[in-house]
>>> print(open('data-v3.txt').read())   # compact mmCIF, C-alpha atoms
# COMPACT_ATOMS: atom_id res chain seq x y z
CA MET B 1 245.64 22.70 43.89
CA MET B 2 243.94 26.00 44.45
CA ARG B 3 240.17 25.92 44.30
CA LEU B 4 237.83 28.87 44.32
CA SER B 5 235.97 29.56 47.51
CA HIS B 6 232.21 29.54 47.20
CA PHE B 7 230.32 32.47 45.74
CA ASP B 8 227.03 33.10 43.98
CA PHE B 9 227.25 34.11 40.34
CA LEU B 10 225.12 36.93 38.97
CA ALA B 11 225.01 38.00 35.32
CA PRO B 12 222.88 41.13 34.92
CA ALA B 13 221.70 42.13 31.43
CA THR B 14 222.01 45.90 31.86
CA ILE B 15 224.33 48.40 33.53
CA GLU B 16 221.44 49.66 35.69
CA GLU B 17 220.78 46.14 36.92
CA ALA B 18 224.49 45.66 37.67
CA VAL B 19 224.62 48.93 39.66
CA GLY B 20 221.49 47.82 41.57
CA LEU B 21 223.12 44.49 42.44
CA LEU B 22 226.28 46.26 43.62
CA GLN B 23 224.11 48.48 45.85
CA SER B 24 222.15 45.58 47.33
CA LYS B 25 225.13 43.23 47.86
CA GLY B 26 227.55 45.91 49.03
CA ALA B 27 231.13 45.01 49.86
CA ASP B 28 230.37 41.28 49.61
CA ALA B 29 230.14 41.58 45.80
CA ARG B 30 232.90 41.87 43.23
CA LEU B 31 232.57 42.90 39.60
CA MET B 32 234.10 40.63 37.00
CA ALA B 33 234.97 41.28 33.36
CA GLY B 34 237.54 38.75 32.12
CA GLY B 35 238.19 37.40 35.61
CA THR B 36 241.90 36.68 35.13
CA ASP B 37 242.90 38.91 38.04
CA LEU B 38 239.79 38.51 40.18
CA LEU B 39 239.74 34.69 40.16
CA MET B 40 243.43 34.59 41.08
CA LYS B 41 242.78 36.85 44.07
CA ILE B 42 240.04 34.46 45.18
CA LYS B 43 242.20 31.37 44.59
CA LEU B 44 245.00 32.90 46.65
CA GLY B 45 242.55 33.73 49.44
CA ALA B 46 243.23 37.46 49.24
CA ILE B 47 239.48 38.08 48.89
CA LYS B 48 236.44 35.93 49.55
CA PRO B 49 233.43 37.55 47.90
CA GLY B 50 229.97 36.12 48.44
CA PHE B 51 228.83 37.31 45.03
CA ILE B 52 230.47 37.73 41.65
CA ILE B 53 228.70 40.08 39.27
CA SER B 54 229.73 39.38 35.69
CA LEU B 55 229.56 42.17 33.11
CA LYS B 56 229.74 39.76 30.16
CA LYS B 57 225.99 39.53 29.52
CA ILE B 58 225.54 43.27 29.22
CA GLY B 59 224.92 43.97 25.53
CA GLY B 60 227.32 46.24 23.69
CA LEU B 61 229.84 46.45 26.51
CA ASP B 62 232.42 44.54 24.45
CA GLN B 63 232.38 47.13 21.65
CA ILE B 64 235.42 48.93 20.33
CA SER B 65 234.59 51.95 18.19
CA PHE B 66 236.49 54.76 16.51
CA ASP B 67 235.09 58.07 15.36
CA PRO B 68 237.37 60.58 13.60
CA THR B 69 235.93 63.48 15.63
CA THR B 70 235.43 61.96 19.10
CA GLY B 71 238.15 59.31 19.08
CA LEU B 72 238.38 55.78 20.39
CA THR B 73 236.05 54.02 22.83
CA ILE B 74 236.90 50.64 24.35
CA GLY B 75 234.06 48.95 26.23
CA ALA B 76 234.47 47.30 29.62
CA THR B 77 234.36 43.71 28.34
CA ALA B 78 236.39 44.25 25.14
CA LEU B 79 239.18 41.67 25.21
CA LEU B 80 242.86 42.56 25.28
CA ALA B 81 243.28 40.36 22.16
CA ASP B 82 240.65 42.35 20.27
CA VAL B 83 242.20 45.67 21.28
CA ALA B 84 245.62 44.38 20.16
CA ASP B 85 244.28 43.39 16.72
CA HIS B 86 241.69 46.09 16.03
CA PRO B 87 242.37 47.77 12.65
CA ASP B 88 241.38 51.28 13.82
CA ILE B 89 243.50 50.98 16.97
CA LEU B 90 246.48 49.68 14.99
CA LYS B 91 246.09 52.60 12.59
CA HIS B 92 245.30 55.52 14.90
CA TYR B 93 246.56 54.36 18.34
CA PRO B 94 249.34 51.82 17.64
CA THR B 95 250.77 52.25 21.15
CA VAL B 96 247.43 51.24 22.70
CA ALA B 97 247.51 48.05 20.61
CA GLN B 98 251.17 47.47 21.54
CA ALA B 99 250.43 47.73 25.27
CA ALA B 100 247.48 45.32 24.97
CA ARG B 101 249.64 42.87 23.01
CA GLY B 102 252.34 43.18 25.68
CA THR B 103 249.94 42.12 28.44
CA ALA B 104 250.36 38.53 29.73
CA ASN B 105 250.04 35.66 27.20
CA VAL B 106 247.73 34.63 24.33
CA GLN B 107 245.28 32.79 26.57
CA VAL B 108 244.97 35.61 29.11
CA ARG B 109 244.55 38.17 26.30
CA ASN B 110 241.66 36.06 25.01
CA MET B 111 240.00 36.33 28.43
CA GLY B 112 241.16 39.54 30.08
CA THR B 113 240.13 43.11 29.30
CA VAL B 114 241.81 46.51 29.13
CA ILE B 115 239.30 47.98 31.59
CA GLY B 116 239.86 45.09 33.98
CA ASN B 117 243.58 45.76 33.83
CA LEU B 118 242.91 49.43 34.68
CA CYS B 119 240.45 48.66 37.51
CA ASN B 120 242.87 46.16 39.03
CA ALA B 121 245.06 49.26 39.53
CA SER B 122 248.35 47.42 39.51
CA PRO B 123 251.32 49.80 39.38
CA ALA B 124 252.75 47.39 36.78
CA SER B 125 249.75 47.69 34.41
CA ASP B 126 250.85 47.76 30.77
CA ASN B 127 247.70 49.47 29.55
CA ALA B 128 247.56 52.36 32.02
CA PRO B 129 250.72 54.33 31.07
CA THR B 130 249.94 54.66 27.37
CA LEU B 131 246.30 55.56 27.98
CA LEU B 132 247.40 58.11 30.57
CA ALA B 133 249.84 59.66 28.10
CA MET B 134 246.98 60.00 25.57
CA GLU B 135 244.65 61.73 28.05
CA ALA B 136 242.18 58.85 28.25
CA VAL B 137 238.89 59.39 30.07
CA LEU B 138 236.89 56.74 31.92
CA HIS B 139 233.14 56.44 31.45
CA ILE B 140 231.61 55.53 34.79
CA ALA B 141 228.06 54.51 35.71
CA GLY B 142 226.75 54.50 39.27
CA PRO B 143 223.76 55.04 41.52
CA GLU B 144 223.89 58.78 40.80
CA GLY B 145 224.03 58.31 37.04
CA LYS B 146 226.88 58.61 34.59
CA ARG B 147 230.08 60.58 34.91
CA LYS B 148 233.41 60.90 33.18
CA LEU B 149 236.73 60.88 34.97
CA PRO B 150 240.15 61.60 33.44
CA LEU B 151 242.26 58.47 33.86
CA ASP B 152 245.00 60.54 35.54
CA GLN B 153 242.61 61.06 38.49
CA PHE B 154 241.68 57.37 38.77
CA PHE B 155 244.62 55.60 40.40
CA LYS B 156 244.98 56.08 44.16
CA GLY B 157 247.41 53.31 45.09
CA PRO B 158 248.07 49.62 44.44
CA GLY B 159 244.60 48.10 43.92
CA MET B 160 242.93 51.39 44.85
CA THR B 161 240.93 53.64 42.54
CA ALA B 162 238.68 56.70 42.67
CA LEU B 163 235.60 54.55 42.01
CA LYS B 164 232.86 55.21 44.56
CA PRO B 165 230.79 52.36 46.01
CA SER B 166 228.53 50.69 43.42
CA GLU B 167 230.18 52.45 40.49
CA ILE B 168 231.20 50.62 37.31
CA VAL B 169 233.71 51.64 34.64
CA THR B 170 231.76 51.05 31.44
CA ALA B 171 234.36 52.22 28.90
CA VAL B 172 237.57 54.10 28.36
CA GLY B 173 237.68 56.86 25.78
CA VAL B 174 240.81 58.14 24.07
CA PRO B 175 240.52 61.51 22.31
CA VAL B 176 241.70 62.03 18.76
CA LEU B 177 245.43 62.65 19.04
CA PRO B 178 246.61 66.18 18.22
CA PRO B 179 248.16 66.78 14.78
CA ASN B 180 251.90 65.95 14.76
CA ALA B 181 251.58 63.85 17.89
CA GLY B 182 253.67 60.75 18.44
CA THR B 183 253.43 58.10 21.15
CA ALA B 184 255.74 55.41 22.47
CA TYR B 185 255.79 52.80 25.23
CA ILE B 186 258.70 50.65 26.34
CA SER B 187 258.57 48.15 29.18
CA LEU B 188 261.22 45.89 30.65
CA SER B 189 260.81 42.69 32.60
CA ALA B 190 263.15 39.90 33.66
CA ARG B 191 261.84 37.39 31.13
CA GLY B 192 260.72 39.87 28.53
CA LYS B 193 257.23 38.59 27.69
CA LEU B 194 254.90 37.01 30.20
CA ASP B 195 256.02 38.42 33.49
CA CYS B 196 254.83 41.69 34.91
CA THR B 197 256.52 44.88 33.81
CA ALA B 198 259.44 45.73 36.11
CA VAL B 199 259.85 49.23 34.75
CA GLY B 200 258.24 51.08 31.86
CA ALA B 201 257.74 54.50 30.33
CA ALA B 202 255.05 55.89 28.04
CA VAL B 203 254.93 59.26 26.34
CA MET B 204 252.95 61.39 23.93
CA VAL B 205 254.78 64.31 22.34
CA THR B 206 253.33 66.93 20.03
CA MET B 207 255.97 68.35 17.73
CA SER B 208 256.38 71.45 15.62
CA GLY B 209 259.40 70.66 13.48
CA ASP B 210 262.18 69.83 15.94
CA VAL B 211 260.47 71.67 18.79
CA CYS B 212 258.39 69.74 21.31
CA LYS B 213 255.19 71.75 21.78
CA ASP B 214 253.71 69.47 24.40
CA ILE B 215 254.56 66.27 26.25
CA ARG B 216 252.87 63.83 28.66
CA LEU B 217 255.32 61.37 30.24
CA PHE B 218 254.40 58.52 32.59
CA VAL B 219 256.59 55.93 34.27
CA ALA B 220 255.20 52.51 35.18
CA SER B 221 255.99 50.11 37.98
CA CYS B 222 258.01 52.76 39.78
CA GLY B 223 255.59 53.99 42.41
CA PRO B 224 252.26 53.06 44.00
CA THR B 225 250.50 54.16 40.79
CA PRO B 226 251.72 55.03 37.31
CA LEU B 227 253.49 58.36 37.89
CA ARG B 228 253.53 61.46 35.71
CA ALA B 229 257.04 62.89 35.46
CA VAL B 230 255.95 66.53 35.49
CA LYS B 231 259.38 68.09 36.00
CA ALA B 232 260.95 65.96 33.29
CA GLU B 233 258.19 67.14 30.95
CA GLU B 234 259.06 70.76 31.79
CA ILE B 235 262.64 70.20 30.66
CA ILE B 236 261.43 69.12 27.21
CA ARG B 237 258.30 71.22 26.65
CA GLY B 238 258.76 74.14 24.25
CA LYS B 239 262.34 73.16 23.45
CA GLN B 240 264.21 71.72 20.51
CA ILE B 241 264.93 68.11 21.46
CA SER B 242 268.65 67.41 21.80
CA ASP B 243 270.75 64.63 23.31
CA ASP B 244 271.69 66.90 26.19
CA LEU B 245 268.06 67.77 26.91
CA LEU B 246 267.04 64.08 26.71
CA ALA B 247 269.72 63.16 29.25
CA GLN B 248 268.49 65.91 31.60
CA ALA B 249 264.87 64.76 31.24
CA GLY B 250 265.85 61.12 31.85
CA SER B 251 267.74 62.01 34.99
CA GLN B 252 264.86 64.18 36.20
CA ALA B 253 262.29 61.39 35.57
CA SER B 254 264.44 59.06 37.70
CA GLN B 255 264.44 61.58 40.54
CA GLU B 256 260.66 61.96 40.32
CA SER B 257 259.90 58.25 40.56
CA ARG B 258 259.65 56.22 43.76
CA PRO B 259 260.66 52.67 42.82
CA ILE B 260 260.79 49.88 45.38
CA THR B 261 262.93 46.76 45.37
CA ASP B 262 260.92 43.60 44.85
CA LEU B 263 261.26 40.26 43.10
CA ARG B 264 260.87 41.84 39.68
CA ALA B 265 263.77 44.30 39.96
CA SER B 266 265.80 46.29 42.43
CA GLY B 267 264.95 49.92 43.11
CA GLU B 268 268.43 50.88 41.94
CA TYR B 269 267.96 49.13 38.58
CA ARG B 270 264.55 50.71 38.12
CA THR B 271 265.92 54.18 38.87
CA LYS B 272 268.64 53.76 36.24
CA MET B 273 266.28 52.30 33.67
CA ILE B 274 263.70 55.08 34.03
CA SER B 275 266.37 57.46 32.84
CA VAL B 276 267.22 55.25 29.85
CA LEU B 277 263.61 54.49 28.94
CA THR B 278 262.61 58.15 29.21
CA GLU B 279 265.24 59.09 26.64
CA ARG B 280 264.21 56.23 24.38
CA VAL B 281 260.45 56.83 24.43
CA ILE B 282 260.80 60.56 23.79
CA THR B 283 263.19 59.87 20.91
CA GLU B 284 260.88 57.24 19.41
CA ALA B 285 257.70 59.28 19.85
CA SER B 286 259.21 62.45 18.40
CA LYS B 287 260.42 60.49 15.35
CA LYS B 288 256.94 59.08 14.82
CA ALA B 289 255.42 62.55 15.24
CA ARG B 290 257.60 63.91 12.46
CA GLY B 291 256.57 60.97 10.26
CA MET I 1 223.27 26.77 44.31
CA LYS I 2 224.10 24.79 41.20
CA GLN I 3 223.20 26.23 37.82
CA VAL I 4 222.42 24.15 34.74
CA ILE I 5 224.45 24.98 31.65
CA LYS I 6 224.26 23.61 28.12
CA LEU I 7 227.45 23.55 26.15
CA SER I 8 229.06 21.78 23.24
CA VAL I 9 232.31 19.95 23.92
CA ASN I 10 234.19 18.56 20.91
CA GLY I 11 230.95 18.69 18.93
CA ASP I 12 228.86 16.79 21.49
CA PRO I 13 226.07 18.53 23.41
CA TYR I 14 226.20 18.37 27.22
CA THR I 15 223.89 19.56 29.97
CA VAL I 16 225.73 19.92 33.26
CA ALA I 17 224.77 21.25 36.68
CA VAL I 18 227.72 23.30 37.88
CA ASP I 19 228.59 25.13 41.04
CA PRO I 20 229.36 28.82 40.33
CA CYS I 21 232.82 28.38 41.81
CA GLN I 22 233.73 25.45 39.54
CA THR I 23 236.21 26.24 36.78
CA LEU I 24 235.83 24.96 33.24
CA ASN I 25 238.95 22.90 33.94
CA GLU I 26 237.28 21.12 36.87
CA VAL I 27 234.13 20.39 34.87
CA LEU I 28 236.01 19.08 31.82
CA ARG I 29 238.32 16.88 33.89
CA GLU I 30 236.08 15.77 36.75
CA GLU I 31 232.57 15.74 35.28
CA LEU I 32 233.28 14.93 31.62
CA ASN I 33 236.49 12.88 32.17
CA LEU I 34 238.39 14.82 29.50
CA THR I 35 241.76 14.45 31.18
CA GLY I 36 243.74 15.59 28.15
CA VAL I 37 243.00 18.98 29.66
CA LYS I 38 245.68 19.26 32.33
CA LEU I 39 245.83 21.40 35.44
CA GLY I 40 249.29 22.84 35.93
CA CYS I 41 249.77 26.14 37.70
CA GLY I 42 246.09 27.00 38.09
CA SER I 43 246.96 30.65 37.54
CA GLY I 44 246.99 31.16 33.77
CA ASP I 45 250.75 31.03 33.42
CA CYS I 46 251.65 27.51 32.21
CA GLY I 47 249.13 26.82 29.44
CA ALA I 48 248.69 23.11 30.26
CA CYS I 49 244.94 23.68 30.65
CA THR I 50 244.48 25.49 27.31
CA VAL I 51 241.21 24.79 25.51
CA HIS I 52 239.31 26.70 22.82
CA VAL I 53 236.09 28.50 23.71
CA ASP I 54 234.20 29.62 20.60
CA GLY I 55 237.41 29.27 18.62
CA ARG I 56 239.77 31.14 20.97
CA ALA I 57 242.46 29.63 23.16
CA VAL I 58 241.86 30.31 26.86
CA SER I 59 243.12 29.01 30.20
CA SER I 60 240.40 26.67 31.47
CA CYS I 61 241.75 27.07 35.03
CA LEU I 62 240.70 30.75 35.05
CA THR I 63 237.38 30.29 33.24
CA LEU I 64 234.19 29.86 35.23
CA ALA I 65 232.14 26.89 34.00
CA VAL I 66 228.93 28.80 34.71
CA GLU I 67 229.90 31.29 31.99
CA MET I 68 230.14 28.51 29.40
CA ASP I 69 226.39 28.23 28.79
CA GLY I 70 225.85 28.14 25.02
CA LYS I 71 229.57 27.99 24.23
CA GLU I 72 231.49 25.63 21.97
CA ILE I 73 234.49 24.05 23.66
CA LEU I 74 237.28 22.23 21.88
CA THR I 75 239.83 20.17 23.80
CA ALA I 76 242.75 18.09 22.56
CA GLU I 77 240.42 15.06 22.54
CA GLY I 78 238.42 16.88 19.86
CA LEU I 79 241.42 17.18 17.54
CA ALA I 80 241.06 13.51 16.55
CA PRO I 81 237.41 12.73 17.26
CA SER I 82 237.48 9.21 15.75
CA GLY I 83 240.55 8.30 17.77
CA GLU I 84 241.98 6.70 14.62
CA THR I 85 243.12 9.46 12.30
CA LEU I 86 245.27 12.00 14.09
CA HIS I 87 245.12 15.73 13.47
CA PRO I 88 248.08 17.09 11.44
CA ILE I 89 249.27 18.93 14.58
CA GLN I 90 249.30 15.67 16.57
CA GLU I 91 251.08 13.83 13.74
CA ALA I 92 253.70 16.55 13.53
CA PHE I 93 254.33 16.49 17.31
CA ILE I 94 255.00 12.72 17.06
CA ASP I 95 257.07 12.95 13.87
CA LYS I 96 259.30 15.72 15.21
CA GLY I 97 259.78 14.20 18.66
CA ALA I 98 258.08 17.18 20.29
CA ILE I 99 256.73 15.10 23.18
CA GLN I 100 258.55 13.86 26.24
CA CYS I 101 256.52 13.53 29.42
CA GLY I 102 253.43 14.77 27.58
CA PHE I 103 252.03 17.01 30.30
CA CYS I 104 252.28 20.19 28.25
CA THR I 105 251.42 18.55 24.93
CA CYS I 106 247.63 18.97 24.79
CA GLY I 107 247.89 22.63 25.76
CA MET I 108 250.70 23.18 23.26
CA GLU I 109 248.58 21.61 20.52
CA MET I 110 245.61 23.84 21.33
CA SER I 111 247.84 26.93 21.22
CA ALA I 112 249.32 25.67 17.94
CA LEU I 113 245.82 25.30 16.49
CA ASN I 114 244.90 28.79 17.72
CA LEU I 115 247.88 30.14 15.77
CA LEU I 116 247.59 28.04 12.60
CA GLN I 117 243.87 28.78 12.15
CA LYS I 118 244.68 32.49 11.93
CA ASN I 119 248.14 32.26 10.40
CA PRO I 120 248.80 29.07 8.38
CA SER I 121 252.41 30.04 7.52
CA PRO I 122 253.89 31.44 10.75
CA THR I 123 257.52 32.43 11.13
CA GLU I 124 259.58 30.89 13.92
CA THR I 125 259.18 34.10 15.94
CA GLU I 126 255.41 34.04 15.49
CA ILE I 127 255.33 30.40 16.64
CA ARG I 128 257.44 31.21 19.70
CA GLU I 129 255.18 34.15 20.56
CA ALA I 130 252.08 31.99 20.10
CA ILE I 131 253.32 29.38 22.59
CA SER I 132 254.82 31.88 25.01
CA GLY I 133 251.92 31.09 27.37
CA ASN I 134 252.73 27.36 27.35
CA LEU I 135 255.55 26.00 29.47
CA CYS I 136 257.41 22.76 28.72
CA ARG I 137 259.79 21.56 31.41
CA CYS I 138 261.30 18.57 29.54
CA THR I 139 262.22 18.90 25.95
CA GLY I 140 262.73 22.60 25.52
CA TYR I 141 260.98 24.35 22.72
CA THR I 142 262.99 23.63 19.56
CA LYS I 143 261.20 20.39 18.66
CA ILE I 144 257.82 21.88 19.48
CA VAL I 145 258.48 24.90 17.27
CA GLU I 146 259.59 22.56 14.45
CA ALA I 147 256.46 20.46 14.90
CA ILE I 148 254.14 23.47 14.70
CA SER I 149 255.90 24.68 11.57
CA ALA I 150 255.56 21.21 10.00
CA ALA I 151 251.91 21.02 11.06
CA GLY I 152 251.27 24.31 9.29
CA GLU I 153 252.73 22.84 6.10
CA LYS I 154 250.61 19.70 6.44
CA MET I 155 247.46 21.72 7.04
CA ARG I 156 248.19 23.94 4.02
CA GLU I 157 248.65 20.82 1.87
CA GLY I 158 245.38 19.47 3.22
CA ASP I 159 243.59 22.61 2.06
CA ARG I 160 244.77 22.18 -1.51
>>> encode(input="data-v3.txt", output="structure tokens")
Amino acid sequence: MMRLSHFDFLAPATIEEAVGLLQSKGADARLMAGGTDLLMKIKLGAIKPGFIISLKKIGGLDQISFDPTTGLTIGATALLADVADHPDILKHYPTVAQAARGTANVQVRNMGTVIGNLCNASPASDNAPTLLAMEAVLHIAGPEGKRKLPLDQFFKGPGMTALKPSEIVTAVGVPVLPPNAGTAYISLSARGKLDCTAVGAAVMVTMSGDVCKDIRLFVASCGPTPLRAVKAEEIIRGKQISDDLLAQAGSQASQESRPITDLRASGEYRTKMISVLTERVITEASKKARG
Amino acid sequence: MKQVIKLSVNGDPYTVAVDPCQTLNEVLREELNLTGVKLGCGSGDCGACTVHVDGRAVSSCLTLAVEMDGKEILTAEGLAPSGETLHPIQEAFIDKGAIQCGFCTCGMEMSALNLLQKNPSPTETEIREAISGNLCRCTGYTKIVEAISAAGEKMREGDR
């Protein structure tokens, strides 16, 4: 059975201390929040870090807070299970809760974190597409101080992010959603629950009556990162949503994605499903937006 | 270098020197001889290693022991501490024939407890969702779902 290779375990008490440790240990150190992805990578021999730096002892980093003017903030060690069950998230950002609940199984949700899922930068992440659709912003701390980075500038490829050396994502912020906004996320996988998403779509639409004033549409698991379907958005934006328009947008989203064939699904299936899911998420989100 | 941790396991205090790369599963099974905690996939998919840490079900195979300092752990052995009177969940698993080879059973019971503590009257769908991280390769899930439902009833009666 797989055992972990040897490493030293460090549990700093502050962000500054954690950044300092990342600077002094360099590439031999890995940050850990819940550890569900990181420990598997070590068990499988994909990485062999000399040091693990846990974020769990840093006070306040597990907080989830909602403010009616600034929006939602989810700290780096807030558990997927707590995001899925949080009353403010269920009320104001139900799709964020849905995506967290759709991640892995009960046990992993009691260990893993939303931020960890983002930093792992898997194209199949359940939490990235919805947060991208809602214009989420990452709070980052590093040797040069703090900065904010829109989530849509974060993903660079499978496992690759825009984080610079010794930087830490401390939280993700989601702005207050615009009035008359609706969101939706649908994901498909072979077994439906535990396995990684084979294809997914997330959207936020802002409606004015039957007219879609604005739209942000992302497809998941169909490219090296979650992809924004910009041209499909253009078909919908400013228009009255109709079946014909939805079909055009679905077809366009398929053309914009770059799915591969792997064990989770064939590229052909993914291409077809993007079209279907695009229509469904826009329909669902626009219904929610109109109340 | 080994680090000394203090933790509570099934109500008993322990002080253990652990290597940072040891999982909670390894420490429970190999140092504390609590072999009700199984090791199945080792990757957080099968649920055979499920234990509670501070009241939440987790995969002990993906939990570092060194992070357990000050934590309260509950394993299946802790469900019936005296070894004489079984927990309602254990009774229900026997009564309903929800055990065959037994490898998944302890993990199933810990996931059942995790559910019933929060939701004493779960629907069948809620039960199935709650054990979706626990694989059984013998009996299928029908008997297990029935057992968890019956255990919920027993536990509700016990509260009255």
>>> closest_atom_pairs(input="data-v3.txt", of="chain B", to="chain I", cutoff="10 Å", atoms="only C-alpha atoms", output="tab-separated table")
residue	atom	partner	partner_atom	distance
B:Met1	CA	I:Gly42	CA	7.2
B:Met2	CA	I:Gly42	CA	6.8
B:Arg3	CA	I:Gln22	CA	8.0
B:Leu4	CA	I:Cys21	CA	5.6
B:Ser5	CA	I:Cys21	CA	6.6
B:His6	CA	I:Cys21	CA	5.5
B:Phe7	CA	I:Cys21	CA	6.2
B:Asp8	CA	I:Pro20	CA	6.1
B:Phe9	CA	I:Pro20	CA	5.7
B:Leu10	CA	I:Pro20	CA	9.3
B:Ala11	CA	I:Glu67	CA	8.9
B:Gly34	CA	I:Thr63	CA	8.5
B:Gly35	CA	I:Leu62	CA	7.1
B:Thr36	CA	I:Leu62	CA	6.1
B:Asp37	CA	I:Leu62	CA	9.0
B:Leu38	CA	I:Leu62	CA	9.3
B:Leu39	CA	I:Leu62	CA	6.5
B:Met40	CA	I:Ser43	CA	6.4
B:Lys41	CA	I:Ser43	CA	9.9
B:Lys43	CA	I:Ser43	CA	8.5
B:Leu44	CA	I:Ser43	CA	9.6
B:Phe51	CA	I:Pro20	CA	9.7
B:Ile52	CA	I:Pro20	CA	9.1
B:Ser54	CA	I:Glu67	CA	8.9
B:Lys56	CA	I:Glu67	CA	8.7
B:Lys57	CA	I:Glu67	CA	9.4
B:Ala81	CA	I:Arg56	CA	9.9
B:Ala104	CA	I:Gly133	CA	8.0
B:Asn105	CA	I:Gly133	CA	4.9
B:Val106	CA	I:Gly133	CA	6.3
B:Gln107	CA	I:Val58	CA	4.2
B:Val108	CA	I:Val58	CA	6.5
B:Arg109	CA	I:Val58	CA	8.3
B:Asn110	CA	I:Val58	CA	6.0
B:Met111	CA	I:Val58	CA	6.5
B:Gly112	CA	I:Val58	CA	9.8
B:Lys193	CA	I:Ser132	CA	7.6
B:Leu194	CA	I:Gly133	CA	7.2
B:Asp195	CA	I:Asp45	CA	9.1
>>> atom_distance(input="data-v3.txt", atom1="atom CA of Gly157 of chain B", atom2="atom CA of Gly223 of chain B")
8.6 Å
>>> atom_distance(input="data-v3.txt", atom1="atom CA of Met207 of chain B", atom2="atom CA of Val281 of chain B")
14.1 Å
>>> atom_distance(input="data-v3.txt", atom1="atom CA of Asp159 of chain I", atom2="atom CA of Ile89 of chain I")
14.2 Å
>>> residues_near_point(input="data-v3.txt", point="(235.5, 18.0, 33.0)", cutoff="12 Å", atoms="all atoms listed in the file", output="ChimeraX atom specification")
/I:7,9,14,16-18,22-39,49,51,60-61,65,73,75,77
>>> residues_around(input="data-v3.txt", residues="Ala151 of chain I", least_positions_apart="4", cutoff="9 Å", atoms="only C-alpha atoms", output="list in words")
His87, Pro88, Ile89, Gln90, Glu91, Ala92, Phe93, Ala112, Leu116, Glu146, Ala147, Met155 and Arg156 of chain I
>>> write_last_selection(input="data-v3.txt", atoms="C-alpha atoms", output="PDB file, keeping the file's coordinate frame")
ATOM      1  CA  HIS I  87     245.120  15.730  13.470  1.00  0.00           C
ATOM      2  CA  PRO I  88     248.080  17.090  11.440  1.00  0.00           C
ATOM      3  CA  ILE I  89     249.270  18.930  14.580  1.00  0.00           C
ATOM      4  CA  GLN I  90     249.300  15.670  16.570  1.00  0.00           C
ATOM      5  CA  GLU I  91     251.080  13.830  13.740  1.00  0.00           C
ATOM      6  CA  ALA I  92     253.700  16.550  13.530  1.00  0.00           C
ATOM      7  CA  PHE I  93     254.330  16.490  17.310  1.00  0.00           C
ATOM      8  CA  ALA I 112     249.320  25.670  17.940  1.00  0.00           C
ATOM      9  CA  LEU I 116     247.590  28.040  12.600  1.00  0.00           C
ATOM     10  CA  GLU I 146     259.590  22.560  14.450  1.00  0.00           C
ATOM     11  CA  ALA I 147     256.460  20.460  14.900  1.00  0.00           C
ATOM     12  CA  MET I 155     247.460  21.720   7.040  1.00  0.00           C
ATOM     13  CA  ARG I 156     248.190  23.940   4.020  1.00  0.00           C
TER      14      ARG I 156
END
>>> closest_residue(input="data-v3.txt", among="B:Ala133, B:Ala171, B:Ile186, B:Ala97", to="Ile15 of chain B", atoms="all atoms listed in the file")
B:Ala171
>>> residues_around(input="data-v3.txt", residues="Thr139 of chain I", least_positions_apart="5", cutoff="8 Å", atoms="only C-alpha atoms", output="compact mmCIF listing (two decimals) with C-alpha atoms, in the frame of the given file")
# COMPACT_ATOMS: atom_id res chain seq x y z
CA ALA I 98 258.08 17.18 20.29
CA ILE I 99 256.73 15.10 23.18
CA GLN I 100 258.55 13.86 26.24
>>> residues_around(input="data-v3.txt", residues="Arg270 of chain B", least_positions_apart="3", cutoff="9 Å", atoms="all atoms listed in the file", output="PDB file with C-alpha atoms, keeping the file's coordinate frame")
ATOM      1  CA  ALA B 198     259.440  45.730  36.110  1.00  0.00           C
ATOM      2  CA  VAL B 199     259.850  49.230  34.750  1.00  0.00           C
ATOM      3  CA  GLY B 200     258.240  51.080  31.860  1.00  0.00           C
ATOM      4  CA  SER B 221     255.990  50.110  37.980  1.00  0.00           C
ATOM      5  CA  CYS B 222     258.010  52.760  39.780  1.00  0.00           C
ATOM      6  CA  SER B 254     264.440  59.060  37.700  1.00  0.00           C
ATOM      7  CA  PRO B 259     260.660  52.670  42.820  1.00  0.00           C
ATOM      8  CA  ILE B 260     260.790  49.880  45.380  1.00  0.00           C
ATOM      9  CA  THR B 261     262.930  46.760  45.370  1.00  0.00           C
ATOM     10  CA  ALA B 265     263.770  44.300  39.960  1.00  0.00           C
ATOM     11  CA  SER B 266     265.800  46.290  42.430  1.00  0.00           C
ATOM     12  CA  GLY B 267     264.950  49.920  43.110  1.00  0.00           C
ATOM     13  CA  MET B 273     266.280  52.300  33.670  1.00  0.00           C
ATOM     14  CA  ILE B 274     263.700  55.080  34.030  1.00  0.00           C
ATOM     15  CA  SER B 275     266.370  57.460  32.840  1.00  0.00           C
TER      16      SER B 275
END
>>> closest_residue(input="data-v3.txt", among="I:Thr15, I:Lys96, I:Thr123, I:Cys106", to="Thr142 of chain I", atoms="only C-alpha atoms")
I:Lys96
>>> residues_around(input="data-v3.txt", residues="Cys119 of chain B", least_positions_apart="5", cutoff="12 Å", atoms="all atoms listed in the file", output="PyMOL selection string")
chain B and resi 30-35+37-38+76+112-114+125+127-128+138+140+151+154-163+167-172+225
